[in-house]
Every structure is written in C-alpha cells, then in structure tokens.
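Trainee: Sharing a structure below in structure tokens format, with a few things to ask.
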Amino acid sequence: MTALLSIRDLSVAYRGNGREALKNINLDVAAGERIAVIGESGSGKSTLALVIAGLLPPSARIEGHIDWQTTEFRSSHSFAPPSVLPEMSGRTEGAKDRQPKFVPLGGRDIGLVFQDPSASLDPVMTVGKQIAEVAHTHLGLDWPQAFARAKTLLERVRLPDPDAAMHAYPHQLSGGQKQRVAIAAAIAASPKLLIADEATSALDTIVQAEIVSLIRQLVAEDGMTLLFISHDIALAAELADRIAVFRHGELVELGTTAQIASAPHHVYTRALLDAHIGLDTEPMLRRAGASV
Amino acid sequence: MSSPLLAVSGLAKGYHRGGKAIAAVDNVSFAIGPGETLALAGPSGSGKSTIARLVLRLVEPDAGRIAFEGDDFLALNGAALRARRARLQMVFQDPLAAFNPRATVARVLNDPLRIHGIASRAERPRRIVALLERVGLSPNLASRAIHEISGGQRQRVAIARAIATKPSLIVLDEAVSALDVSVRGDILKLLLDLQTKERIAYLFISHDLGVVRAIAHRVVILDAGRITESGDARAVINAPQSAIGRELVAATPKLHRTTAP
Ligand SMILES: Nc1ncnc2c1ncn2[C@@H]1O[C@H](COP(=O)(O)OP(=O)(O)O)[C@@H](O)[C@H]1O
Ligand SMILES: Nc1ncnc2c1ncn2[C@@H]1O[C@H](COP(=O)(O)OP(=O)(O)O)[C@@H](O)[C@H]1O
Ligand SMILES: [Mg+2]
Ligand SMILES: [Mg+2]
C-alpha cells in the first residue's frame, strides 16, 4: 500500500493547556482508503484533522512530523506547490524545522467538512459563488468555467434544484442541504484527501444516512482518501475500511473495521462497543411480563 | 390505561414562516401512564420539540386538550398553574445553558426549592446535598461553577434540578443526545432508577431509535407534525409499519459484530 501520509511521533499541545491534545501519534493513511477516527469528546480527533490540514493556530506546539507522498498530489494536479520546492516526500515539521518542503494546502489538496456547515459557508455570498471561488482560486479556472463547475458539483451532491441553489444564500437551505453545499465546496478543487469532522453529527438520522452515502459515492468516484471523524462507532464502521480509536490524545487501537467491531484488543475499544446502543441491543428497561 | 397521568388530544400548533403556513403539530393525541416512558421519535422538524413546549405550556396550542393529573392543564393559571408546574419538569439537551456559567451548582438547585416553597432556607443546603447524592454526584460539587463541571455532570445537575420539586412527569428533549456514549449509559441508568423508585413518567424525545428502544415502554413516530404510528417501543422499532418508521430504522447505523472470538 502507498501511504498518502505518514504521521510520525506527532504530538500537539495548545498554549495554556498543560495536557497534550495529541500524544506521540504514529499512523499511516493509505492512498484511496477510508479511515475512521473515533473517540469521545476531547480525545483529539479535531486536533488531528487540523494538524493534518495545517490549520492549527500558530500558538499550538507541534512535535514530530507528517510525511506526504508528494507524487500522489502531483499526479492529479498541474500546480506548483505553495512557495516551496516539491520533493518526492515532503513533510510538515514542528515549529523549529522550517526547511522548504511540500506541504499540502487545506482547501485545495485537502477538503474539509465540519459539523456546522454554517461555520464554513459565507452567509452573504450565494452558494454558487462560494463553490466557484474555490475552483477559481485553486484550479485557476476563469469565472464562467468556475461557475459551470459549481453547477456540476451541486448536481453531484444531489441538491434538489441545483439551478435555484446556485443563486441561494446558505440561510435559505436546510441543515442537510447546507452540508451538501459544504461538501461541494470541499471537493471543488479535487482534493486528494477529504476530511469529514463530525460532518453528520448535527443532522437527523435520515439525513445523516443520506450524507454518509453521498460521501461514500463521491470518495469512490473521485478516488479520494477519506478521513472520517466521528464519535459514533457504528456510523464509522458503516463507512470505513479501518478504524483508529483515540482516547485522551492517544491512538489506543488501529485495525480493520471487522477486527475493531468483532475482536477489539484494547479494553477501551471494548468499552466503546459495549456502550453503543443499537437496534439489536438488549433493552435496559425491564418490564413486567417482558422477557429479559 | 386506567387513568393516564397525561392525556393529550387533538393537539395542533401552526407557525408562519416567510408567508408560508407550517403545521408544526397536527392533530396529535397520546397518553402517558404513571411511571411510564413514552418516546417521541421522528425526523428533524417533525414537531417533537413543539409538542414538548406545548405540554410544558411554554407555548399555547391552536387547538386540542391537555389533561395532567386529572385536571384540564390548559385551563390552569396563577397559583394553581405554578403549583402544578412543580409536578411537570423538563431536561433539555443543554439545560444549564440558560444559567450564568459562573452560577454555582448549589444556586441552580436552590432556585426550585425556593420558588416552589419546598424547603426552608435553613433546610435547603441539606436538601441540595441529598439531591446531588441522589443523582450520583459528590456533595463537594455544590460550590463549583457550572462551567467548571463536565457535560455528564451538568446533565446530572439538570436531572437533580428537575426532581427537586418531586415531579410525576419529566419531559426530556434530546437530553442524552450530546453526551459521550460512556456517560450516556450512566445517565439512562439513573433515569430508569428514578423511574422505578419514584414512579416518575417520562416524555422522552430522541431522534435515536436505539436509545428509544432501550428505555421506552411505548413510542410515537411523527412525521411533519402528524403521528404515523405508535405502540410498544420494541414492537414498532423491530417492525415499523409507516414509511417514515421504516426509513428511520433503515437509516440507523448498525454495528455488525461477527461472533466474538
Ligand atoms: N484551540 C484550543 N485551545 C486550547 N485547547 C484546545 C483547543 N482545541 C482543543 N483543545 C483541547 O484539546 C483537547 C482535544 O480536543 P479536540 O481535538 O477538539 O478533541 P475532539 O475533537 O476529539 O473532541 C481537548 O482537551 C480540548 O479541550
Ligand atoms: N417558533 C417557531 N417559529 C416558526 N416555526 C417554528 C417554530 N418552532 C418550530 N417551528 C417549525 O415547526 C416544525 C416543527 O419543529 P420542531 O417541533 O422543532 O421539530 P423537531 O423537534 O421534531 O425537530 C418545523 O418546521 C419548525 O421549523
Ligand atoms: Mg471535535
Ligand atoms: Mg427538536
């Protein structure tokens, strides 16, 4: 397997926070795989997304490095990497190390989708313009081409009326529709890696299932690598090839979805599985006359 | 059901948005017995929270009747309404959000005891300790500010606040939805324990059918303000009859575990 990115001895600490948000993480993400990152709140999932995308606040202290398979990026794009010389294998380094190396750019090489689409959408810009802007900025398309691409993307994310949506403002759309727009914007520059951080957590079950199936389809069609972050182990298992379990900033277990779901090695993974309440879980309620 | 604790019939509430009329709740009827859990499930926008607000009389219905503890709840006002409100409490997703985050846990629990005249000023500190212990929290937490305690602890404080007035019914609107799974299980156990020992009934609103199936006696499935089906929670969720019921079940993530090694 070709690793799209290799995370090595990575630790992250936020300023003013004594505890490290990520502790000595080692993780290879294969090109084209769907990997889920699961864990409870505060386990470091979002920090992992941000450090991979290069979006941590400058005050955060980063140790260790992320090696990127630069050829993966260059094969799909004809752009010059940002302000640096391309190498076969670039790395994102800790603050001390400022050597010129390939660093993928969030928004272009990495698409990001967050829990709250409103946070990533501009409330006073039409949906069409926001998506077109990504294509214009990162793919160098002229505006008519960029708008045409935006329209195609709105069709691909299956918005009910793409023509109308082009001219709509985010507040005119439902939560699920906004998330479809956010996904369209995230993939507008044909990123190699799509990171979805709790992208369906604010949606109801039915809309969540629709968005998950959309992400699955887009990732397959475009050959993207998917990093799917969720607190929901069952949801992660439905989408991912492999699952990484985080706890208190540490990667406690990494395995195939089948192994994690059926034969977890770590007690914490087992505890997460036991805490899951599914449609086949023994009801907690004991009722008179009901079999227990 | 011999004598329901809460009986809602023909409940309706409409809203206008952008010149368009929305039937948020449309001719909804159901009943809850003492010590029973009735769940409301349905997609977002199906009217669950509006029903909660109507039952709590935080908004007034356009039509319908609500009988609570044998009285016409919609006809109560003044002192009678205030007294009856003590018997009907609520816990929402982030129920302490309305408080000043610097308010202490003791303050949050002191209010209902004072407002409903449940305990004298001298007696209240002892009552607060008892409430904290009842929900599995250390009495040391009393002096802590709300923003200093974890999400799970906050939800326990919200439950303590709700049971302070000895209610017969608690409306829980997505009360466990934002909690981490390990914490969620303990909160559900606490709710079940309170129900068994104090015979409290719950109107339990959740979009999570797994949780509904685990803790509710009966379930009402809603779509666009209307009831599409209702019945025994396990029976309905194991074999939903309505289109939206089937869609909700199909959309619920399933963990496929092969037999353990
Ligand atoms: N901007 C920040 N400043 C300080 N601490 C932060 C910041 N963002 C996150 N943290 C802390 O880092 C830890 C990991 O947080 P996060 O990565 O958001 O976890 P998760 O996404 O799994 O909930 C937590 O203890 C959190 O409080
Ligand atoms: N105060 C309000 N003003 C206008 N529309 C409202 C208001 N409250 C609820 N609605 C509408 O009523 C419908 C039902 O909403 P709600 O009861 O919140 O559903 P749920 O809790 O099932 O998601 C939705 O279409 C919602 O937009
Ligand atoms: Mg997060
Ligand atoms: Mg609601």
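Note on naming: chains are A, B, ... as they come in the structure tokens, residues start from 1 per chain, ligands start from 1 in the order shown.
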Ligand 4: which residues are within 9 Å, counting only C-alpha atoms and all ligand atoms? Reply as a VMD selection string.

Mentor: chain B and resid 44 to 50 52 173 to 174 205 to 207

Trainee: With N, CA and C atoms retained, write the just-selected residues as a short mmCIF file (atom, residue, chain, number, x, y, z; two decimals), in the first residue's frame.

Mentor:
```cif
data_model
loop_
_atom_site.label_atom_id
_atom_site.label_comp_id
_atom_site.auth_asym_id
_atom_site.auth_seq_id
_atom_site.Cartn_x
_atom_site.Cartn_y
_atom_site.Cartn_z
N SER B 44 -35.96 15.41 11.96
CA SER B 44 -35.87 16.80 12.39
C SER B 44 -36.99 17.60 11.74
N GLY B 45 -37.65 18.44 12.52
CA GLY B 45 -38.75 19.24 12.00
C GLY B 45 -40.10 18.54 12.06
N SER B 46 -40.15 17.34 12.65
CA SER B 46 -41.41 16.60 12.66
C SER B 46 -42.36 17.06 13.76
N GLY B 47 -41.88 17.94 14.65
CA GLY B 47 -42.77 18.51 15.65
C GLY B 47 -42.51 18.06 17.08
N LYS B 48 -41.44 17.31 17.31
CA LYS B 48 -41.16 16.75 18.63
C LYS B 48 -41.01 17.85 19.68
N SER B 49 -40.15 18.82 19.39
CA SER B 49 -39.89 19.88 20.39
C SER B 49 -41.11 20.76 20.58
N THR B 50 -41.88 20.96 19.53
CA THR B 50 -43.09 21.76 19.67
C THR B 50 -44.07 21.06 20.61
N ALA B 52 -43.22 19.08 23.02
CA ALA B 52 -42.64 19.27 24.36
C ALA B 52 -43.03 20.64 24.92
N ASP B 173 -36.05 16.42 26.24
CA ASP B 173 -35.93 16.69 24.80
C ASP B 173 -34.47 16.55 24.37
N GLU B 174 -34.14 15.45 23.73
CA GLU B 174 -32.77 15.13 23.30
C GLU B 174 -31.79 15.28 24.47
N ILE B 205 -37.94 12.45 24.27
CA ILE B 205 -37.79 12.81 22.87
C ILE B 205 -36.39 12.51 22.40
N SER B 206 -36.30 11.74 21.32
CA SER B 206 -34.98 11.42 20.80
C SER B 206 -35.08 11.06 19.33
N HIS B 207 -34.04 11.42 18.59
CA HIS B 207 -34.02 11.01 17.20
C HIS B 207 -33.33 9.65 17.08
#
```

Trainee: Can you write out as a tab-separated table which residues of chain A fall within 7 Å of chain B, alongside each residue's closest atom pair and its distance in Å to one decimal, counting only C-alpha atoms and ordering rows by chain and ascending residue number?

Mentor:
```
residue	atom	partner	partner_atom	distance
A:Glu40	CA	B:Asp180	CA	5.8
A:Ser41	CA	B:Asp180	CA	6.7
A:Asp204	CA	B:Ser44	CA	5.7
A:Thr205	CA	B:Ala251	CA	5.9
A:Ile206	CA	B:Ala251	CA	5.3
A:Ala209	CA	B:Ala251	CA	5.4
A:Ala234	CA	B:Leu255	CA	4.7
A:Leu235	CA	B:Pro253	CA	5.2
A:Ala237	CA	B:Leu255	CA	6.7
A:Glu238	CA	B:Pro253	CA	7.0
A:Ala261	CA	B:Arg257	CA	5.6
A:Ser262	CA	B:Arg257	CA	4.8
A:Ala263	CA	B:Ala260	CA	6.3
A:Ala275	CA	B:Ser182	CA	5.7
A:His276	CA	B:Val181	CA	6.7
A:Ile277	CA	B:Gly210	CA	5.4
A:Gly278	CA	B:Gly210	CA	4.5
A:Leu279	CA	B:Gly210	CA	4.8
A:Glu282	CA	B:Ala214	CA	7.0
A:Pro283	CA	B:Ala214	CA	3.9
A:Met284	CA	B:Ala214	CA	5.2
A:Leu285	CA	B:Ile215	CA	5.1
```

Trainee: Quick one: distance from CA of Ala80 in chain B to CA of Ala162 in chain B in Å, one decimal?

Mentor: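 So the two atoms, CA of Ala80 in chain B and CA of Ala162 in chain B, lie 19.0 Å apart.
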
Trainee: Using DSSP on the backbone coordinates, identify the residues of range 19-86 of chain B assigned to helix (DSSP H, G or I); present them as an MDAnalysis selection string.

Mentor: chainID B and resid 48:55 73:75 78:85

Trainee: Write down as a VMD selection string the residues belonging to range 25-220 of chain B that are assigned strand (DSSP E or B) by DSSP computed on the backbone.

Mentor: chain B and resid 25 to 32 37 to 41 63 to 68 71 to 72 88 to 92 104 145 169 to 173 201 to 205 218 to 220

Trainee: Compile a residue-level contact table for chain A against ligand 3 at a cut-off of 10 Å, reporting for every qualifying residue the shortest atom pair and its distance in Å to one decimal, with only C-alpha atoms and all ligand atoms counted, rows ordered by chain and ascending number, as JSON lines.

Mentor:
```
{"residue": "A:Ile38", "atom": "CA", "partner": "ligand 3", "partner_atom_place_in_ligand_line": "1 (Mg)", "distance": 10.0}
{"residue": "A:Gly39", "atom": "CA", "partner": "ligand 3", "partner_atom_place_in_ligand_line": "1 (Mg)", "distance": 9.3}
{"residue": "A:Glu40", "atom": "CA", "partner": "ligand 3", "partner_atom_place_in_ligand_line": "1 (Mg)", "distance": 8.7}
{"residue": "A:Ser41", "atom": "CA", "partner": "ligand 3", "partner_atom_place_in_ligand_line": "1 (Mg)", "distance": 6.4}
{"residue": "A:Gly42", "atom": "CA", "partner": "ligand 3", "partner_atom_place_in_ligand_line": "1 (Mg)", "distance": 6.9}
{"residue": "A:Ser43", "atom": "CA", "partner": "ligand 3", "partner_atom_place_in_ligand_line": "1 (Mg)", "distance": 8.1}
{"residue": "A:Gly44", "atom": "CA", "partner": "ligand 3", "partner_atom_place_in_ligand_line": "1 (Mg)", "distance": 7.1}
{"residue": "A:Lys45", "atom": "CA", "partner": "ligand 3", "partner_atom_place_in_ligand_line": "1 (Mg)", "distance": 5.5}
{"residue": "A:Ser46", "atom": "CA", "partner": "ligand 3", "partner_atom_place_in_ligand_line": "1 (Mg)", "distance": 4.1}
{"residue": "A:Thr47", "atom": "CA", "partner": "ligand 3", "partner_atom_place_in_ligand_line": "1 (Mg)", "distance": 7.3}
{"residue": "A:Leu48", "atom": "CA", "partner": "ligand 3", "partner_atom_place_in_ligand_line": "1 (Mg)", "distance": 9.2}
{"residue": "A:Ala49", "atom": "CA", "partner": "ligand 3", "partner_atom_place_in_ligand_line": "1 (Mg)", "distance": 8.8}
{"residue": "A:Leu50", "atom": "CA", "partner": "ligand 3", "partner_atom_place_in_ligand_line": "1 (Mg)", "distance": 9.9}
{"residue": "A:Phe114", "atom": "CA", "partner": "ligand 3", "partner_atom_place_in_ligand_line": "1 (Mg)", "distance": 9.0}
{"residue": "A:Gln115", "atom": "CA", "partner": "ligand 3", "partner_atom_place_in_ligand_line": "1 (Mg)", "distance": 8.6}
{"residue": "A:Asp197", "atom": "CA", "partner": "ligand 3", "partner_atom_place_in_ligand_line": "1 (Mg)", "distance": 6.7}
{"residue": "A:Glu198", "atom": "CA", "partner": "ligand 3", "partner_atom_place_in_ligand_line": "1 (Mg)", "distance": 7.0}
{"residue": "A:Ile229", "atom": "CA", "partner": "ligand 3", "partner_atom_place_in_ligand_line": "1 (Mg)", "distance": 8.1}
{"residue": "A:Ser230", "atom": "CA", "partner": "ligand 3", "partner_atom_place_in_ligand_line": "1 (Mg)", "distance": 8.2}
{"residue": "A:His231", "atom": "CA", "partner": "ligand 3", "partner_atom_place_in_ligand_line": "1 (Mg)", "distance": 8.6}
```
